[in-house]
Amino acid sequence: MSPRLVVVSNRLPLGDNPSGGLVVALEDALRNSGGLWVGFSGETSPSPEDRLTFHDGARFQRASFDLTEEDYETYYVGCSNSVLWPLCHGRADLMRILPEYVEGYRRVNARLADLLLPHLQPGDRIWVQDYHLFPLAAELRARGVTAPIGHFLHIPFPGAQDCAALPNPAELFGWLSHYDLLGFQAHRDLNAFVQSAQELSRIEELGGDRFRLAGRGLRAAVFPIGIDASAFIQEARRAPNEDRMRSLTGAEMMIGVDRLDYSKGIPQRFRAFQILLENHPDLHEKIAFLQVAPPTREEVQAYRDILEETEHLAGRINGQFATINWTPIRFLHRSLPRATLAGLYRQAHIGLVTPLADGMNLVAKEYVAAQNVVDPGVLILSRFAGAAETMDQALLINPHDPWELAEAMETAMRMSANERRRRHAALLREVVEHDVTWWSASYLDALGRARDSD
Ligand code: ADP
Ligand code: F6P
């Protein structure tokens with residue numbers, strides 16, 4: 001029997017319609033391998049139980065824990081999303097460093113190690129997810145856990161300049177040194193990790209994926225995350241009749257689907273769309289932009305600001321260009337069922353994925369998987385998404401330059417069916433070959449071998 005997989009992440013999806021790359025990918029990975037998934041329930045309470053609550057599922061077990069309001073504020077809203085998230089997305093200017101945030105972050109990771117300990121079994125492999133839980137391996141090791149522990153970072157790793165903005169940069173590398181395997185989305189992240197560790201800690205390159213970090217041996221490598229491509233293709237094929245939707249909108253659809261996060265470049269794409277409409281009156285009533293952006297992390301001021309900016313821009317552009325029959329931008333500030341999303345992607349002539357910084361971006365892969373292969377749409381993709389390393393048949397753009405992005409929108413609108421099919425076939429091959437099963441299998445295989453020849 002293969003060893004049991006224990007996945008630990010901040011967020012444990014217990015309801016419907018998860019949005020966020022991590023939960024969507026791990027649902028898929030655990031459905032295939034079985035195991036235990038431990039994470040935060042999403043609930044706060046004044047005195048959370050000091051044990052995990054188990055929720056049995058068909059293919060794998062889930063176990064959740066609650067947080068106090070103070071832990072939620074300091075660990076999740078504070079250190080994770082007001083310090084580490086902006087730092088890793090090149091927005092050190094948005095960081096808000098408070099001593100209680102770092103204390104809360106350490107406290108929650110230590111408590112999680114306590115909660116996890118009684119449920120670990122001999123032979124387990126532990127797979128820790130993302131920036132919320134950097135210290136977890138150190139906490140588990142301090143409690144005597146010798147099992148293989150891997151970490152996967154879903155978001156970009158900051159360069160040395162950004163890492164230096166942390167209150168105690170060396171501590172980050174100390175935490176990371178307790179893992180057996182560090183997984184990154186893209187080569188740019190692995191390189192940033194090595195360079196940052198060279199400047200701010202001690203790292204030796206031992207050849208291949210082997211390193212010695214702060215005195216401990218570990219492996220570090222790139223595992224680009226994928227989607228459950230075959231399931232998504234099926235989902236999109238089952239979607240309601242395309243012609244009906246097209247006649248409802250009366251125009252070709254351009255779609256954006258993102259959590260309403262400042263890293264996703266949503267205002268920048270609205271401005272580019274405005275430039276397109278200003279410069280190409282012939283495209284009026286021929287293109288309609290649907291932006292689906294569910295709320296996220298609204299406790300953080302920067303997220304409230306981006307909502308205001310997005311609504312303001314959409315209103316202004318619609319006011320400037322709308323006609324009785326045509327609304328240029330429709331902005332849906334909510335989550336949608338995955339089947340509905342799949343159908344919308346399939347009907348969209350353009351998929352717009354233009355983050356200013358992004359670990360991978362699964363929407364790019366979902367959009368490609370959902371297309372009709374005979375008459376596929378065009379993916380416009382930011383060079384700053386991890387996905388750009390492998391999806392170079394998309395129209396790659398710099399999202400900071402609205403003129404370049406507007407030009408790509410025009411190119412996509414006018415692209416011949418032959419060119420669309422050629423580009424799409426190459427993208428689809430990549431999405432299918434490197435799907436979520438490949439991602440988790442290759443990561444877990446590397447974790448299984450991480451201690452070989454140590
Ligand atoms: P991130 O992890 O930063 O949110 P990704 O693009 O990697 O970015 O993953 C986002 C995931 O969330 C995708 O699977 C996408 O389909 C899903 N998602 C995004 N917006 C919505 C929405 N409005 N409704 C449902 N799912 C959504
Ligand atoms: O993929 C990055 C990520 O931060 C995940 O860790 C997370 O599940 C997702 O984005 C959504 O964010 P949150 O869990 O804060 O709603």
# chains A, B, ... in the order shown; residues from 1 in each chain; ligands from 1

$ residues_around --residues "A:Gly150" --least-positions-apart "5" --cutoff "12 Å" --atoms "only C-alpha atoms" --output "ChimeraX atom specification"
/A:5-8,124-130,133-138,176-184,218-221,440,443-451

$ residues_around --residues "stretch 327-341 of chain A" --least-positions-apart "4" --cutoff "6 Å" --atoms "only C-alpha atoms" --output "VMD selection string"
chain A and resid 17 235 288 to 294 318 322

$ write_last_selection --atoms "C-alpha atoms" --output "mmCIF file, in the first residue's frame"
data_model
loop_
_atom_site.group_PDB
_atom_site.id
_atom_site.type_symbol
_atom_site.label_atom_id
_atom_site.label_comp_id
_atom_site.auth_asym_id
_atom_site.auth_seq_id
_atom_site.Cartn_x
_atom_site.Cartn_y
_atom_site.Cartn_z
ATOM 1 C CA ASN A 17 -18.107 26.644 -5.646
ATOM 2 C CA GLU A 235 -17.974 20.039 -18.368
ATOM 3 C CA ALA A 288 -18.759 42.549 -25.089
ATOM 4 C CA PHE A 289 -16.515 42.117 -22.088
ATOM 5 C CA LEU A 290 -17.750 39.922 -19.215
ATOM 6 C CA GLN A 291 -15.669 40.217 -16.054
ATOM 7 C CA VAL A 292 -16.564 37.703 -13.321
ATOM 8 C CA ALA A 293 -14.747 38.602 -10.109
ATOM 9 C CA PRO A 294 -15.898 37.151 -6.781
ATOM 10 C CA ASN A 318 -20.227 51.897 -20.061
ATOM 11 C CA ALA A 322 -23.041 51.879 -24.245
#

$ select_by_dssp --residues "stretch 12-204 of chain A" --states "strand (DSSP E)" --output "number ranges by chain"
A: 36-44, 53-56, 61-67, 125-129, 149-152, 181-184, 203-204

$ atom_distance --atom1 "atom CA of A:Ser416" --atom2 "atom CA of A:Ile350"
13.2 Å

$ residues_around --residues "A:Pro267" --least-positions-apart "3" --cutoff "9 Å" --atoms "only C-alpha atoms" --output "PyMOL selection string"
chain A and resi 262+264+270-272+306+309-310+313-314

$ write_last_selection --atoms "C-alpha atoms" --output "CSV table (one decimal), in the first residue's frame"
chain,number,residue,atom,x,y,z
A,262,TYR,CA,-5.1,43.8,-7.1
A,264,LYS,CA,-4.9,40.3,-11.3
A,270,PHE,CA,-10.6,47.8,-18.4
A,271,ARG,CA,-8.4,50.7,-19.4
A,272,ALA,CA,-7.1,48.7,-22.4
A,306,ILE,CA,-9.8,47.6,-6.0
A,309,GLU,CA,-11.8,51.3,-8.7
A,310,THR,CA,-13.2,48.5,-10.8
A,313,LEU,CA,-14.1,52.2,-14.3
A,314,ALA,CA,-16.8,49.9,-15.5

$ residues_around --residues "A:Gln61" --least-positions-apart "4" --cutoff "7 Å" --atoms "only C-alpha atoms" --output "short mmCIF file (atom, residue, chain, number, x, y, z; two decimals) with N, CA and C atoms, in the first residue's frame"
data_model
loop_
_atom_site.label_atom_id
_atom_site.label_comp_id
_atom_site.auth_asym_id
_atom_site.auth_seq_id
_atom_site.Cartn_x
_atom_site.Cartn_y
_atom_site.Cartn_z
N GLY A 35 -6.70 10.14 1.02
CA GLY A 35 -5.85 10.69 2.07
C GLY A 35 -6.62 11.61 3.00
N LEU A 36 -5.89 12.50 3.65
CA LEU A 36 -6.48 13.40 4.63
C LEU A 36 -6.11 14.83 4.27
N TRP A 37 -7.10 15.72 4.31
CA TRP A 37 -6.85 17.15 4.02
C TRP A 37 -7.26 17.95 5.25
N HIS A 55 -14.67 15.54 8.77
CA HIS A 55 -15.82 15.56 7.85
C HIS A 55 -15.53 14.44 6.84
N ASP A 56 -16.32 13.38 6.89
CA ASP A 56 -16.02 12.27 5.98
C ASP A 56 -16.52 12.57 4.58
N GLY A 57 -15.69 12.23 3.61
CA GLY A 57 -16.10 12.42 2.21
C GLY A 57 -15.98 11.10 1.50
#

$ atom_distance --atom1 "atom CA of A:Val222" --atom2 "atom CA of A:Arg422"
27.5 Å

$ residues_around --residues "A:Val363" --least-positions-apart "6" --cutoff "10 Å" --atoms "only C-alpha atoms" --output "ChimeraX atom specification"
/A:20-21,227,256-258,345,351-353,369,387

$ write_last_selection --atoms "N, CA and C atoms" --output "short mmCIF file (atom, residue, chain, number, x, y, z; two decimals), in the first residue's frame"
data_model
loop_
_atom_site.label_atom_id
_atom_site.label_comp_id
_atom_site.auth_asym_id
_atom_site.auth_seq_id
_atom_site.Cartn_x
_atom_site.Cartn_y
_atom_site.Cartn_z
N GLY A 20 -10.35 29.96 -6.31
CA GLY A 20 -8.97 29.99 -5.83
C GLY A 20 -8.29 28.74 -6.35
N GLY A 21 -7.11 28.98 -6.97
CA GLY A 21 -6.42 27.89 -7.65
C GLY A 21 -6.07 26.72 -6.73
N ILE A 227 -4.75 21.65 -14.27
CA ILE A 227 -6.17 21.47 -13.93
C ILE A 227 -6.58 20.04 -14.27
N GLY A 256 -13.14 37.60 -18.54
CA GLY A 256 -12.11 37.57 -17.50
C GLY A 256 -12.73 36.94 -16.26
N VAL A 257 -12.01 36.02 -15.62
CA VAL A 257 -12.52 35.35 -14.42
C VAL A 257 -11.41 35.36 -13.37
N ASP A 258 -11.57 36.13 -12.34
CA ASP A 258 -10.51 36.25 -11.33
C ASP A 258 -11.13 36.61 -9.99
N TYR A 345 -16.71 30.20 -20.58
CA TYR A 345 -15.41 30.17 -21.26
C TYR A 345 -15.58 29.70 -22.71
N GLY A 351 -10.23 34.93 -24.13
CA GLY A 351 -10.02 34.72 -22.70
C GLY A 351 -8.94 35.68 -22.25
N LEU A 352 -9.26 36.50 -21.26
CA LEU A 352 -8.34 37.57 -20.87
C LEU A 352 -7.75 37.23 -19.50
N VAL A 353 -6.46 36.93 -19.50
CA VAL A 353 -5.79 36.55 -18.24
C VAL A 353 -4.57 37.46 -18.12
N ALA A 369 -9.00 24.61 -22.04
CA ALA A 369 -9.67 23.30 -22.00
C ALA A 369 -11.12 23.40 -22.45
N ALA A 387 1.96 30.73 -15.83
CA ALA A 387 1.49 29.98 -17.00
C ALA A 387 2.21 30.38 -18.28
#

$ closest_atom_pairs --of "chain A" --to "ligand 2" --cutoff "9 Å" --atoms "only C-alpha atoms and all ligand atoms" --output "CSV"
residue,atom,partner,partner_atom_place_in_ligand_line,distance
A:Ser9,CA,ligand 2,6 (O),7.6
A:Asn10,CA,ligand 2,14 (O),7.0
A:Arg11,CA,ligand 2,14 (O),5.4
A:Leu12,CA,ligand 2,8 (O),8.4
A:Pro13,CA,ligand 2,8 (O),8.9
A:Pro18,CA,ligand 2,8 (O),8.6
A:Ser19,CA,ligand 2,11 (C),6.5
A:Gly20,CA,ligand 2,9 (C),3.9
A:Gly21,CA,ligand 2,1 (O),4.6
A:Leu22,CA,ligand 2,1 (O),4.7
A:Val23,CA,ligand 2,8 (O),5.5
A:Val24,CA,ligand 2,8 (O),8.3
A:Tyr76,CA,ligand 2,15 (O),7.8
A:Val77,CA,ligand 2,15 (O),8.5
A:Ser80,CA,ligand 2,15 (O),8.5
A:Asn81,CA,ligand 2,15 (O),7.3
A:Trp85,CA,ligand 2,4 (O),7.7
A:Gln129,CA,ligand 2,6 (O),7.4
A:Asp130,CA,ligand 2,6 (O),5.7
A:Tyr131,CA,ligand 2,6 (O),7.2
A:His132,CA,ligand 2,6 (O),7.6
A:Leu153,CA,ligand 2,6 (O),8.5
A:His154,CA,ligand 2,1 (O),5.2
A:Ile155,CA,ligand 2,2 (C),5.8
A:Arg259,CA,ligand 2,11 (C),7.5
A:Pro295,CA,ligand 2,16 (O),8.8
A:Thr296,CA,ligand 2,16 (O),5.7
A:Arg297,CA,ligand 2,15 (O),6.0
A:Asp358,CA,ligand 2,2 (C),8.5
A:Gly359,CA,ligand 2,1 (O),7.3
A:Met360,CA,ligand 2,1 (O),8.3
A:Asn361,CA,ligand 2,1 (O),8.1

$ write_last_selection --atoms "N, CA and C atoms" --output "compact mmCIF listing (two decimals), in the first residue's frame"
# COMPACT_ATOMS: atom_id res chain seq x y z
N SER A 9 -3.47 22.80 4.34
CA SER A 9 -3.53 24.11 3.69
C SER A 9 -4.31 25.04 4.60
N ASN A 10 -4.18 26.33 4.35
CA ASN A 10 -4.98 27.26 5.13
C ASN A 10 -6.46 27.00 4.90
N ARG A 11 -6.86 27.01 3.64
CA ARG A 11 -8.29 26.93 3.35
C ARG A 11 -8.71 25.51 3.07
N LEU A 12 -9.76 25.07 3.77
CA LEU A 12 -10.34 23.75 3.51
C LEU A 12 -11.74 24.00 2.98
N PRO A 13 -11.99 23.67 1.71
CA PRO A 13 -13.32 23.98 1.18
C PRO A 13 -14.35 23.01 1.74
N PRO A 18 -15.82 26.45 -4.81
CA PRO A 18 -14.59 27.08 -4.34
C PRO A 18 -14.00 27.96 -5.43
N SER A 19 -13.53 29.16 -5.11
CA SER A 19 -12.74 29.87 -6.11
C SER A 19 -11.36 30.07 -5.52
N GLY A 20 -10.35 29.96 -6.31
CA GLY A 20 -8.97 29.99 -5.83
C GLY A 20 -8.29 28.74 -6.35
N GLY A 21 -7.11 28.98 -6.97
CA GLY A 21 -6.42 27.89 -7.65
C GLY A 21 -6.07 26.72 -6.73
N LEU A 22 -5.67 27.04 -5.51
CA LEU A 22 -5.21 26.00 -4.60
C LEU A 22 -6.30 24.98 -4.30
N VAL A 23 -7.47 25.44 -3.88
CA VAL A 23 -8.50 24.48 -3.49
C VAL A 23 -9.02 23.70 -4.69
N VAL A 24 -9.10 24.37 -5.81
CA VAL A 24 -9.61 23.67 -7.00
C VAL A 24 -8.63 22.55 -7.38
N TYR A 76 -4.27 35.42 9.31
CA TYR A 76 -4.79 35.35 7.94
C TYR A 76 -4.87 36.73 7.29
N VAL A 77 -5.65 37.63 7.93
CA VAL A 77 -5.79 38.96 7.34
C VAL A 77 -4.45 39.70 7.41
N SER A 80 -0.53 36.84 6.63
CA SER A 80 -0.62 36.16 5.33
C SER A 80 -0.99 37.13 4.20
N ASN A 81 -2.03 37.94 4.45
CA ASN A 81 -2.57 38.71 3.31
C ASN A 81 -2.29 40.21 3.34
N TRP A 85 1.37 38.15 1.10
CA TRP A 85 0.77 38.21 -0.25
C TRP A 85 1.28 39.42 -1.05
N GLN A 129 0.80 23.35 2.02
CA GLN A 129 0.51 24.24 0.90
C GLN A 129 0.64 25.71 1.28
N ASP A 130 1.40 26.42 0.47
CA ASP A 130 1.32 27.87 0.37
C ASP A 130 1.90 28.69 1.53
N TYR A 131 1.78 30.00 1.36
CA TYR A 131 2.53 30.97 2.19
C TYR A 131 1.96 31.12 3.59
N HIS A 132 0.75 30.62 3.83
CA HIS A 132 0.19 30.74 5.18
C HIS A 132 0.94 29.86 6.17
N LEU A 153 4.60 26.12 -3.03
CA LEU A 153 4.22 27.53 -3.02
C LEU A 153 3.39 27.84 -4.27
N HIS A 154 2.14 28.23 -4.05
CA HIS A 154 1.24 28.48 -5.19
C HIS A 154 1.42 29.86 -5.80
N ILE A 155 2.15 30.72 -5.11
CA ILE A 155 2.28 32.12 -5.57
C ILE A 155 3.75 32.39 -5.88
N ARG A 259 -10.51 36.13 -8.89
CA ARG A 259 -10.86 36.75 -7.61
C ARG A 259 -10.54 38.24 -7.76
N PRO A 295 -15.82 38.34 -4.67
CA PRO A 295 -15.15 39.06 -3.58
C PRO A 295 -14.11 38.16 -2.91
N THR A 296 -13.08 38.78 -2.39
CA THR A 296 -12.03 38.04 -1.70
C THR A 296 -11.39 38.97 -0.67
N ARG A 297 -11.04 38.47 0.49
CA ARG A 297 -10.23 39.17 1.51
C ARG A 297 -10.68 40.62 1.74
N ASP A 358 1.47 36.52 -10.83
CA ASP A 358 0.62 35.37 -10.51
C ASP A 358 1.48 34.11 -10.47
N GLY A 359 1.21 33.25 -9.48
CA GLY A 359 1.97 32.01 -9.36
C GLY A 359 1.87 31.22 -10.66
N MET A 360 0.66 30.76 -10.99
CA MET A 360 0.44 30.05 -12.25
C MET A 360 -0.66 30.74 -13.04
N ASN A 361 -1.87 30.69 -12.53
CA ASN A 361 -3.14 31.11 -13.09
C ASN A 361 -3.83 29.96 -13.81

$ residues_around --residues "A:Ala113" --least-positions-apart "3" --cutoff "12 Å" --atoms "only C-alpha atoms" --output "count of residues only"
31

$ select_by_dssp --residues "stretch 107-346 of chain A" --states "alpha helix (DSSP H)" --output "PyMOL selection string"
chain A and resi 107-116+136-142+160-163+169-176+187-200+229-237+242-249+266-279+301-321+338-346

$ write_last_selection --atoms "C-alpha atoms" --output "CSV table (one decimal), in the first residue's frame"
chain,number,residue,atom,x,y,z
A,107,ARG,CA,1.0,31.0,17.0
A,108,VAL,CA,-1.4,29.6,14.5
A,109,ASN,CA,1.3,27.5,12.9
A,110,ALA,CA,2.4,26.1,16.3
A,111,ARG,CA,-1.2,25.4,17.2
A,112,LEU,CA,-1.8,23.6,13.9
A,113,ALA,CA,1.2,21.4,14.6
A,114,ASP,CA,-0.3,20.5,18.0
A,115,LEU,CA,-3.7,19.7,16.4
A,116,LEU,CA,-2.1,17.6,13.6
A,136,LEU,CA,4.7,24.4,9.9
A,137,ALA,CA,7.5,21.9,9.1
A,138,ALA,CA,9.8,23.6,11.7
A,139,GLU,CA,6.9,23.3,14.3
A,140,LEU,CA,6.3,19.6,13.4
A,141,ARG,CA,10.1,18.8,13.6
A,142,ALA,CA,10.2,20.4,17.0
A,160,ALA,CA,16.0,39.4,-2.8
A,161,GLN,CA,15.0,43.0,-2.9
A,162,ASP,CA,11.4,42.2,-1.8
A,163,CYS,CA,12.5,39.5,0.8
A,169,PRO,CA,14.2,37.7,6.2
A,170,ALA,CA,16.5,35.0,7.6
A,171,GLU,CA,13.7,33.5,9.6
A,172,LEU,CA,11.8,32.7,6.4
A,173,PHE,CA,14.7,30.6,5.1
A,174,GLY,CA,15.1,29.0,8.5
A,175,TRP,CA,11.5,27.8,8.2
A,176,LEU,CA,11.9,26.6,4.7
A,187,HIS,CA,11.6,28.5,-13.0
A,188,ARG,CA,11.5,32.3,-12.2
A,189,ASP,CA,10.4,31.4,-8.6
A,190,LEU,CA,13.0,28.7,-8.1
A,191,ASN,CA,15.7,31.2,-9.3
A,192,ALA,CA,14.3,33.9,-7.1
A,193,PHE,CA,14.4,31.5,-4.1
A,194,VAL,CA,18.0,30.6,-4.7
A,195,GLN,CA,19.1,34.2,-5.3
A,196,SER,CA,17.2,35.5,-2.2
A,197,ALA,CA,18.7,32.7,-0.1
A,198,GLN,CA,22.2,33.5,-1.3
A,199,GLU,CA,21.8,37.1,-0.2
A,200,LEU,CA,19.8,36.7,3.0
A,229,ALA,CA,-8.3,18.9,-18.0
A,230,SER,CA,-10.5,15.9,-19.1
A,231,ALA,CA,-13.2,16.7,-16.5
A,232,PHE,CA,-13.2,20.4,-17.6
A,233,ILE,CA,-13.4,19.5,-21.3
A,234,GLN,CA,-16.4,17.3,-20.5
A,235,GLU,CA,-18.0,20.0,-18.4
A,236,ALA,CA,-17.6,22.6,-21.2
A,237,ARG,CA,-19.0,20.2,-23.8
A,242,GLU,CA,-23.5,28.4,-27.7
A,243,ASP,CA,-25.6,30.1,-30.3
A,244,ARG,CA,-28.3,30.9,-27.8
A,245,MET,CA,-25.8,32.8,-25.6
A,246,ARG,CA,-24.3,34.6,-28.5
A,247,SER,CA,-27.6,35.9,-29.6
A,248,LEU,CA,-28.4,37.1,-26.1
A,249,THR,CA,-25.3,39.3,-26.1
A,266,ILE,CA,-8.4,44.1,-13.7
A,267,PRO,CA,-8.4,47.9,-13.8
A,268,GLN,CA,-5.5,47.7,-16.3
A,269,ARG,CA,-7.6,45.5,-18.6
A,270,PHE,CA,-10.6,47.8,-18.4
A,271,ARG,CA,-8.4,50.7,-19.4
A,272,ALA,CA,-7.1,48.7,-22.4
A,273,PHE,CA,-10.6,47.9,-23.4
A,274,GLN,CA,-11.4,51.6,-23.3
A,275,ILE,CA,-8.5,52.3,-25.6
A,276,LEU,CA,-9.7,49.6,-28.0
A,277,LEU,CA,-13.2,51.1,-28.1
A,278,GLU,CA,-11.8,54.6,-28.6
A,279,ASN,CA,-9.6,53.6,-31.4
A,301,GLN,CA,-8.2,47.8,2.7
A,302,ALA,CA,-6.4,47.2,-0.6
A,303,TYR,CA,-9.2,44.8,-1.7
A,304,ARG,CA,-11.9,47.3,-0.9
A,305,ASP,CA,-10.0,49.9,-2.9
A,306,ILE,CA,-9.8,47.6,-6.0
A,307,LEU,CA,-13.5,47.0,-5.9
A,308,GLU,CA,-14.2,50.7,-5.9
A,309,GLU,CA,-11.8,51.3,-8.7
A,310,THR,CA,-13.2,48.5,-10.8
A,311,GLU,CA,-16.8,49.6,-10.4
A,312,HIS,CA,-15.9,53.1,-11.1
A,313,LEU,CA,-14.1,52.2,-14.3
A,314,ALA,CA,-16.8,49.9,-15.5
A,315,GLY,CA,-19.4,52.6,-15.0
A,316,ARG,CA,-17.3,55.2,-16.8
A,317,ILE,CA,-16.6,53.0,-19.8
A,318,ASN,CA,-20.2,51.9,-20.1
A,319,GLY,CA,-21.4,55.5,-19.7
A,320,GLN,CA,-19.0,56.5,-22.5
A,321,PHE,CA,-19.8,53.8,-25.0
A,338,ARG,CA,-18.0,25.6,-12.2
A,339,ALA,CA,-20.4,24.2,-14.9
A,340,THR,CA,-21.6,27.8,-15.6
A,341,LEU,CA,-18.0,29.0,-15.8
A,342,ALA,CA,-17.1,26.2,-18.2
A,343,GLY,CA,-20.0,27.2,-20.5
A,344,LEU,CA,-19.0,30.9,-20.4
A,345,TYR,CA,-15.4,30.2,-21.3
A,346,ARG,CA,-16.5,28.1,-24.2

$ residues_around --residues "A:Glu433" --least-positions-apart "5" --cutoff "10 Å" --atoms "only C-alpha atoms" --output "list of chain:residue names"
A:Gly226, A:Ala229, A:Leu428, A:Trp438, A:Trp439

$ write_last_selection --atoms "N, CA and C atoms" --output "PDB file, in the first residue's frame"
ATOM      1  N   GLY A 226      -1.497  22.126 -12.677  1.00  0.00           N
ATOM      2  CA  GLY A 226      -2.422  22.009 -13.802  1.00  0.00           C
ATOM      3  C   GLY A 226      -3.862  21.902 -13.328  1.00  0.00           C
ATOM      4  N   ALA A 229      -7.969  18.459 -16.657  1.00  0.00           N
ATOM      5  CA  ALA A 229      -8.320  18.885 -18.015  1.00  0.00           C
ATOM      6  C   ALA A 229      -9.465  18.053 -18.588  1.00  0.00           C
ATOM      7  N   LEU A 428      -3.689  23.348 -25.930  1.00  0.00           N
ATOM      8  CA  LEU A 428      -4.486  22.258 -25.367  1.00  0.00           C
ATOM      9  C   LEU A 428      -3.591  21.052 -25.047  1.00  0.00           C
ATOM     10  N   TRP A 438      -0.836  14.880 -13.243  1.00  0.00           N
ATOM     11  CA  TRP A 438       0.607  14.906 -13.507  1.00  0.00           C
ATOM     12  C   TRP A 438       1.315  15.742 -12.440  1.00  0.00           C
ATOM     13  N   TRP A 439       0.713  16.887 -12.100  1.00  0.00           N
ATOM     14  CA  TRP A 439       1.339  17.785 -11.115  1.00  0.00           C
ATOM     15  C   TRP A 439       1.503  17.086  -9.767  1.00  0.00           C
TER      16      TRP A 439
END

$ closest_residue --among "A:Pro156, A:Pro376, A:Pro148, A:Gly215" --to "ligand 1" --atoms "only C-alpha atoms and all ligand atoms"
A:Pro156

$ atom_distance --atom1 "atom CA of A:Leu356" --atom2 "atom CA of A:Gly90"
8.6 Å

$ closest_residue --among "A:Pro224, A:Gly207, A:Pro99, A:Gly104" --to "ligand 1" --atoms "only C-alpha atoms and all ligand atoms"
A:Pro224

$ closest_residue --among "A:Ser47, A:Ser41, A:Gln185, A:Asn32" --to "ligand 1" --atoms "only C-alpha atoms and all ligand atoms"
A:Gln185
